[in-house]
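Undergrad: File follows, run14.csv with CSV, C-alpha atoms:
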```csv
chain,number,residue,atom,x,y,z
Z,1,MET,CA,0.0,0.0,0.0
Z,2,SER,CA,1.4,3.4,-1.0
Z,3,LYS,CA,-0.1,5.4,1.9
Z,4,SER,CA,-1.3,5.0,5.4
Z,5,LEU,CA,-4.9,5.6,6.2
Z,6,SER,CA,-3.9,8.6,8.2
Z,7,GLU,CA,-2.3,10.4,5.2
Z,8,PHE,CA,-5.4,11.1,3.1
Z,9,LYS,CA,-7.3,14.4,3.2
Z,10,TYR,CA,-10.5,13.3,1.5
Z,11,LEU,CA,-12.6,10.2,1.7
Z,12,THR,CA,-14.9,9.9,-1.3
Z,13,PHE,CA,-17.9,7.6,-1.0
Z,14,ASP,CA,-20.3,5.6,-3.1
Z,15,VAL,CA,-23.6,6.0,-1.3
Z,16,VAL,CA,-26.2,3.5,-2.5
Z,17,GLY,CA,-25.0,0.1,-1.6
Z,18,THR,CA,-22.1,1.2,0.5
Z,19,LEU,CA,-23.8,3.5,3.0
Z,20,ILE,CA,-27.5,3.1,2.2
Z,21,ASP,CA,-28.9,-0.4,2.1
Z,22,PHE,CA,-30.8,-0.3,-1.2
Z,23,GLU,CA,-31.1,-4.0,-1.5
Z,24,CYS,CA,-33.1,-4.3,1.7
Z,25,GLY,CA,-35.2,-1.2,0.7
Z,26,LEU,CA,-36.1,-2.7,-2.7
Z,27,LYS,CA,-36.9,-6.2,-1.3
Z,28,ALA,CA,-39.0,-4.7,1.5
Z,29,CYS,CA,-41.1,-2.6,-0.9
Z,30,LEU,CA,-41.6,-5.4,-3.3
Z,31,ALA,CA,-42.6,-7.8,-0.4
Z,32,GLU,CA,-45.2,-5.2,0.8
Z,33,ILE,CA,-46.7,-5.1,-2.7
Z,34,ALA,CA,-46.7,-8.8,-2.9
Z,35,GLY,CA,-48.4,-9.2,0.5
Z,36,GLU,CA,-51.1,-6.8,-0.6
Z,37,VAL,CA,-51.9,-8.8,-3.7
Z,38,GLY,CA,-51.7,-12.1,-2.0
Z,39,CYS,CA,-48.4,-13.6,-3.2
Z,40,LYS,CA,-44.9,-14.0,-2.0
Z,41,ILE,CA,-41.6,-13.1,-3.6
Z,42,ASP,CA,-38.0,-14.5,-3.3
Z,43,GLY,CA,-35.8,-11.5,-2.4
Z,44,GLU,CA,-32.7,-12.7,-4.1
Z,45,GLN,CA,-34.6,-13.5,-7.3
Z,46,ALA,CA,-36.0,-10.0,-7.2
Z,47,LEU,CA,-32.5,-8.6,-7.0
Z,48,THR,CA,-31.3,-10.7,-9.9
Z,49,LEU,CA,-34.2,-9.5,-12.0
Z,50,TYR,CA,-33.7,-6.0,-10.9
Z,51,ARG,CA,-30.0,-6.1,-11.9
Z,52,ALA,CA,-30.8,-7.3,-15.4
Z,53,ALA,CA,-33.5,-4.7,-15.9
Z,54,ARG,CA,-31.6,-1.8,-14.3
Z,55,TYR,CA,-28.6,-2.2,-16.6
Z,56,SER,CA,-30.5,-2.2,-19.9
Z,57,GLU,CA,-29.8,0.3,-22.7
Z,58,ASP,CA,-32.9,2.2,-22.0
Z,59,ALA,CA,-32.2,2.8,-18.3
Z,60,GLU,CA,-33.0,6.2,-16.9
Z,61,LEU,CA,-31.3,8.0,-14.0
Z,62,PHE,CA,-31.7,6.3,-10.6
Z,63,PRO,CA,-34.0,6.0,-8.7
Z,64,ASP,CA,-36.5,7.4,-11.2
Z,65,ASP,CA,-35.7,4.4,-13.3
Z,66,LEU,CA,-37.3,2.1,-10.7
Z,67,VAL,CA,-40.7,2.8,-12.3
Z,68,ARG,CA,-39.5,1.3,-15.6
Z,69,VAL,CA,-37.7,-1.5,-13.7
Z,70,TYR,CA,-40.8,-2.5,-11.7
Z,71,LEU,CA,-42.9,-2.8,-14.9
Z,72,ALA,CA,-40.2,-5.0,-16.4
Z,73,ILE,CA,-39.7,-7.4,-13.5
Z,74,ALA,CA,-43.3,-7.6,-12.1
Z,75,PRO,CA,-44.5,-10.4,-14.4
Z,76,ASP,CA,-41.6,-12.7,-13.4
Z,77,LEU,CA,-42.4,-12.0,-9.7
Z,78,GLY,CA,-46.1,-12.6,-10.1
Z,79,LEU,CA,-46.8,-8.9,-9.3
Z,80,PRO,CA,-49.4,-6.7,-11.0
Z,81,VAL,CA,-48.0,-4.6,-13.9
Z,82,ASP,CA,-49.3,-1.3,-12.8
Z,83,GLN,CA,-47.7,2.1,-13.0
Z,84,LYS,CA,-48.7,3.0,-9.4
Z,85,TYR,CA,-46.6,0.2,-8.0
Z,86,GLY,CA,-43.6,1.3,-10.0
Z,87,GLU,CA,-44.0,4.8,-8.6
Z,88,ARG,CA,-44.2,3.3,-5.2
Z,89,LEU,CA,-41.0,1.4,-5.7
Z,90,ARG,CA,-39.3,4.6,-6.8
Z,91,ASP,CA,-40.6,6.7,-3.9
Z,92,SER,CA,-39.5,4.0,-1.4
Z,93,ALA,CA,-36.0,5.4,-1.8
Z,94,LYS,CA,-37.1,8.3,0.4
Z,95,SER,CA,-37.3,5.8,3.3
Z,96,TRP,CA,-34.3,3.5,2.6
Z,97,ARG,CA,-32.2,3.1,5.7
Z,98,GLY,CA,-28.5,3.3,6.1
Z,99,PHE,CA,-26.6,0.2,7.1
Z,100,ALA,CA,-26.5,0.0,10.9
Z,101,ASP,CA,-22.9,1.2,11.1
Z,102,SER,CA,-22.9,3.9,8.4
Z,103,ALA,CA,-23.9,7.0,10.3
Z,104,ALA,CA,-21.6,6.4,13.3
Z,105,ALA,CA,-18.7,5.5,11.1
Z,106,LEU,CA,-19.1,8.6,9.0
Z,107,ALA,CA,-19.4,10.9,12.0
Z,108,SER,CA,-16.1,9.5,13.3
Z,109,LEU,CA,-14.4,9.8,10.0
Z,110,ALA,CA,-15.6,13.3,9.5
Z,111,LYS,CA,-13.4,14.4,12.4
Z,112,ASP,CA,-10.3,13.6,10.3
Z,113,TYR,CA,-11.2,13.9,6.7
Z,114,ARG,CA,-13.3,15.9,4.2
Z,115,LEU,CA,-16.1,13.4,3.2
Z,116,VAL,CA,-17.3,13.6,-0.3
Z,117,ALA,CA,-20.4,11.8,-1.6
Z,118,MET,CA,-20.3,10.4,-5.2
Z,119,THR,CA,-23.6,8.9,-6.1
Z,120,ASN,CA,-25.3,7.8,-9.3
Z,121,ALA,CA,-28.6,8.7,-7.6
Z,122,ARG,CA,-30.4,12.0,-8.5
Z,123,ARG,CA,-30.1,14.9,-6.2
Z,124,TRP,CA,-33.7,14.6,-4.9
Z,125,ALA,CA,-33.0,11.1,-3.6
Z,126,PHE,CA,-29.5,11.9,-2.3
Z,127,ASP,CA,-31.1,14.6,-0.1
Z,128,PHE,CA,-33.0,11.9,1.7
Z,129,PHE,CA,-30.0,9.6,1.9
Z,130,GLU,CA,-27.8,12.4,3.4
Z,131,LYS,CA,-30.3,13.2,6.1
Z,132,GLU,CA,-30.6,9.4,6.9
Z,133,LEU,CA,-26.8,9.4,7.3
Z,134,GLY,CA,-26.6,12.4,9.6
Z,135,ASN,CA,-25.6,15.0,7.0
Z,136,PRO,CA,-21.8,14.1,7.3
Z,137,PHE,CA,-20.6,15.3,3.8
Z,138,TYR,CA,-18.3,18.2,3.1
Z,139,ALA,CA,-19.3,18.0,-0.6
Z,140,ALA,CA,-21.6,15.9,-2.8
Z,141,PHE,CA,-21.7,14.9,-6.4
Z,142,THR,CA,-24.9,13.3,-7.9
Z,143,ALA,CA,-25.9,12.2,-11.3
Z,144,ASP,CA,-27.6,15.5,-11.7
Z,145,ASP,CA,-24.4,17.4,-11.0
Z,146,THR,CA,-22.1,15.3,-13.2
Z,147,LYS,CA,-24.6,14.5,-16.0
Z,148,THR,CA,-23.2,11.0,-16.0
Z,149,GLU,CA,-22.9,7.9,-13.9
Z,150,LYS,CA,-20.0,5.9,-12.5
Z,151,PRO,CA,-18.0,4.0,-13.8
Z,152,ASP,CA,-17.7,6.9,-16.4
Z,153,PRO,CA,-14.3,8.5,-15.7
Z,154,ALA,CA,-16.0,11.9,-16.3
Z,155,PHE,CA,-17.8,11.5,-13.0
Z,156,PHE,CA,-14.5,11.1,-11.2
Z,157,GLU,CA,-12.9,14.0,-13.1
Z,158,LYS,CA,-15.6,16.3,-11.7
Z,159,VAL,CA,-14.4,15.4,-8.2
Z,160,PHE,CA,-10.8,15.7,-9.1
Z,161,ASP,CA,-11.4,19.2,-10.4
Z,162,HIS,CA,-13.1,20.1,-7.1
Z,163,VAL,CA,-10.2,18.8,-5.1
Z,164,ALA,CA,-7.8,20.6,-7.3
Z,165,SER,CA,-9.7,23.8,-6.7
Z,166,GLU,CA,-8.8,23.4,-3.0
Z,167,GLY,CA,-5.1,22.9,-3.7
Z,168,HIS,CA,-5.1,19.1,-3.5
Z,169,SER,CA,-4.9,16.2,-5.9
Z,170,LYS,CA,-6.3,12.7,-6.4
Z,171,ASP,CA,-3.3,11.4,-4.4
Z,172,ASP,CA,-5.1,12.9,-1.4
Z,173,ILE,CA,-8.2,10.8,-1.9
Z,174,LEU,CA,-9.2,7.4,-0.6
Z,175,HIS,CA,-12.2,6.2,-2.6
Z,176,VAL,CA,-14.6,4.0,-0.5
Z,177,ALA,CA,-17.2,1.8,-2.2
Z,178,GLN,CA,-18.9,-1.6,-2.3
Z,179,SER,CA,-19.3,-1.9,-6.1
Z,180,GLN,CA,-16.5,-3.5,-8.0
Z,181,TYR,CA,-18.2,-2.5,-11.2
Z,182,HIS,CA,-19.1,1.1,-10.5
Z,183,ASP,CA,-16.1,2.1,-8.3
Z,184,ILE,CA,-13.3,-0.2,-7.4
Z,185,GLY,CA,-12.2,-1.2,-11.0
Z,186,ILE,CA,-12.4,2.3,-12.5
Z,187,SER,CA,-10.8,4.0,-9.4
Z,188,ARG,CA,-7.8,1.7,-9.9
Z,189,LYS,CA,-7.6,2.6,-13.6
Z,190,LEU,CA,-7.7,6.3,-12.7
Z,191,GLY,CA,-4.8,6.0,-10.2
Z,192,LEU,CA,-6.9,6.4,-7.0
Z,193,THR,CA,-6.2,4.5,-3.8
Z,194,ASN,CA,-9.4,2.6,-3.0
Z,195,CYS,CA,-11.1,0.8,-0.2
Z,196,TRP,CA,-13.6,-2.0,-0.9
Z,197,ILE,CA,-16.4,-2.3,1.7
Z,198,GLU,CA,-17.6,-5.8,0.9
Z,199,ARG,CA,-21.2,-5.5,2.2
Z,200,ARG,CA,-22.3,-8.9,0.8
Z,201,HIS,CA,-19.3,-10.8,2.2
Z,202,ALA,CA,-21.7,-13.3,3.9
Z,203,GLU,CA,-23.9,-13.8,0.8
Z,204,LYS,CA,-23.3,-15.3,-2.6
Z,205,GLY,CA,-23.3,-13.3,-5.8
Z,206,TYR,CA,-23.5,-9.6,-6.5
Z,207,GLY,CA,-27.1,-9.0,-5.5
Z,208,GLY,CA,-28.5,-5.8,-7.0
Z,209,THR,CA,-25.1,-4.6,-8.3
Z,210,ILE,CA,-23.8,-5.6,-11.8
Z,211,GLU,CA,-21.1,-8.1,-11.8
Z,212,PRO,CA,-17.7,-6.7,-13.0
Z,213,ALA,CA,-15.9,-8.2,-16.0
Z,214,GLU,CA,-13.0,-8.9,-13.7
Z,215,PHE,CA,-12.3,-8.6,-10.0
Z,216,THR,CA,-10.0,-5.8,-8.9
Z,217,ALA,CA,-8.0,-6.4,-5.7
Z,218,PRO,CA,-8.5,-3.2,-3.6
Z,219,ASP,CA,-5.8,-1.3,-1.7
Z,220,TYR,CA,-7.9,-1.6,1.5
Z,221,HIS,CA,-10.6,-4.2,2.2
Z,222,PHE,CA,-13.2,-4.2,5.0
Z,223,THR,CA,-16.6,-5.8,5.4
Z,224,SER,CA,-18.1,-2.9,7.2
Z,225,MET,CA,-17.8,0.9,7.6
Z,226,ALA,CA,-17.3,0.3,11.3
Z,227,ALA,CA,-14.1,-1.7,10.5
Z,228,LEU,CA,-12.8,1.1,8.3
Z,229,ALA,CA,-13.4,3.6,11.1
Z,230,GLU,CA,-11.6,1.4,13.6
Z,231,ALA,CA,-8.7,1.0,11.2
Z,232,VAL,CA,-8.4,4.7,10.8
Z,233,ALA,CA,-8.5,5.3,14.6
Z,234,ALA,CA,-5.7,2.7,15.0
Z,235,ALA,CA,-3.6,4.3,12.2
Z,236,ARG,CA,-3.8,7.7,13.8
Z,237,LEU,CA,-2.4,6.3,17.0
Z,238,THR,CA,0.8,5.0,15.3
```
Is it possible to express this structure as structure tokens?
TA:
Amino acid sequence: MSKSLSEFKYLTFDVVGTLIDFECGLKACLAEIAGEVGCKIDGEQALTLYRAARYSEDAELFPDDLVRVYLAIAPDLGLPVDQKYGERLRDSAKSWRGFADSAAALASLAKDYRLVAMTNARRWAFDFFEKELGNPFYAAFTADDTKTEKPDPAFFEKVFDHVASEGHSKDDILHVAQSQYHDIGISRKLGLTNCWIERRHAEKGYGGTIEPAEFTAPDYHFTSMAALAEAVAAARLT
């Protein structure tokens, strides 16, 4: 590893999937709909169908795209193909919860770093996510701000420009994320030091996140945000 955790000035974060538990949010909403219409769904099957539908060529910005996604996956789940349920799935993003360790870890890390959110979600959804997480961010970049989505390098370049405007460089950034596809692989190609939060370490497969063409070994690897915060605390004592 080229740098100690204590040497970075910025921590940049993927939000949905790393800090916000979108998989549980999606499954809970779909299960509620299923219960109302008298059927049951398999949560992992729902995530597999979601992943395939979400990453189609006609995908829209997230989470607005959940309306289209619902209509695409409903038949395979035995759910009614109805616009109102798609809108309900989209709007469920307003109440998605953070992982149990997210808010406390971010509050701890904010004492030592400038925390920057980098999310493929639209700004309206991020506003709810940020509040859920305790408003810890120094700066935030959404799909509305960048006009693109990760893993597009242009998203990262927007953040690099911001950091440069404050007299720093990408060498001062540790990028923290759970998605190999959206974050870890591209951050490595762009020369960033990265930290993989392997949220699904106890589960098989990639859940609701697209599988990468190849696995990228991260610079740092933890299975929770709490573990990252603990490692930072330890690094600052040495």
Undergrad: Between atom CA of Z:Cys24 and atom CA of Z:Leu66, what is the distance in Å, rounded to a tenth?
TA: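 One can read the atom CA of Z:Cys24 to atom CA of Z:Leu66 distance as 14.6 Å.
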Undergrad: Near Z:Lys150, within 8 Å and counting only C-alpha atoms, which residues show up once chain neighbours fewer than 5 positions away are dropped, as a ChimeraX atom specification?
TA: /Z:119-120,155-156,182-183
Undergrad: Write out as CSV a residue-level contact list of stretch 38-102 of chain Z versus stretch 127-145 of chain Z with cut-off 12 Å: for each qualifying residue the closest pair of atoms and the distance in Å to one decimal, counting only C-alpha atoms, rows sorted by chain and residue number upward.
TA:
```
residue,atom,partner,partner_atom,distance
Z:Glu60,CA,Z:Ala143,CA,10.9
Z:Leu61,CA,Z:Ala143,CA,7.4
Z:Phe62,CA,Z:Ala143,CA,8.3
Z:Pro63,CA,Z:Ala143,CA,10.5
Z:Asp64,CA,Z:Ala143,CA,11.6
Z:Asp91,CA,Z:Phe128,CA,10.8
Z:Ser92,CA,Z:Phe128,CA,10.7
Z:Ala93,CA,Z:Phe128,CA,8.0
Z:Lys94,CA,Z:Phe128,CA,5.6
Z:Ser95,CA,Z:Phe128,CA,7.6
Z:Trp96,CA,Z:Phe129,CA,7.5
Z:Arg97,CA,Z:Glu132,CA,6.6
Z:Gly98,CA,Z:Leu133,CA,6.4
Z:Phe99,CA,Z:Leu133,CA,9.2
Z:Ala100,CA,Z:Leu133,CA,10.1
Z:Asp101,CA,Z:Leu133,CA,9.8
Z:Ser102,CA,Z:Leu133,CA,6.8
```
Undergrad: Rank Z:Ala31, Z:Leu89, Z:Leu49, Z:Ala227 by their smallest atom-to-atom distance to Z:Ala104, using only C-alpha atoms, and report the top residue only.
TA: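 Among Z:Ala31, Z:Leu89, Z:Leu49, Z:Ala227, it is Z:Ala227 that comes nearest to Z:Ala104.
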Undergrad: So which one's closest to Z:Leu26, Z:Gly207, Z:Ala59, Z:Asp82, Z:Leu11? Using only C-alpha atoms, please.
TA: Z:Gly207
Undergrad: At a cut-off of 10 Å, using only C-alpha atoms, what residues contact Z:Val37? Leave out same-chain residues fewer than 3 positions from it and give the result as a VMD selection string.
TA: chain Z and resid 31 to 34 40 78 to 80
Undergrad: Considering all atoms listed in the file, return as a PyMOL selection string whatever protein or nucleic-acid residues lie within 8 Å of Z:Asp171, sequence-local ones (same chain, fewer than 4 positions apart) excluded.
TA: chain Z and resi 8+192-193
Undergrad: With only C-alpha atoms as the basis for distance, which of Z:Asp14, Z:Leu47, Z:Pro153, Z:Lys158 is at the shortest distance from Z:Ala28?
TA: Z:Leu47
Undergrad: Of the candidates Z:Ala121, Z:Leu228, Z:Cys195, Z:Ala53, which one gets nearest to Z:Glu149 if we count only C-alpha atoms?
TA: Z:Ala121
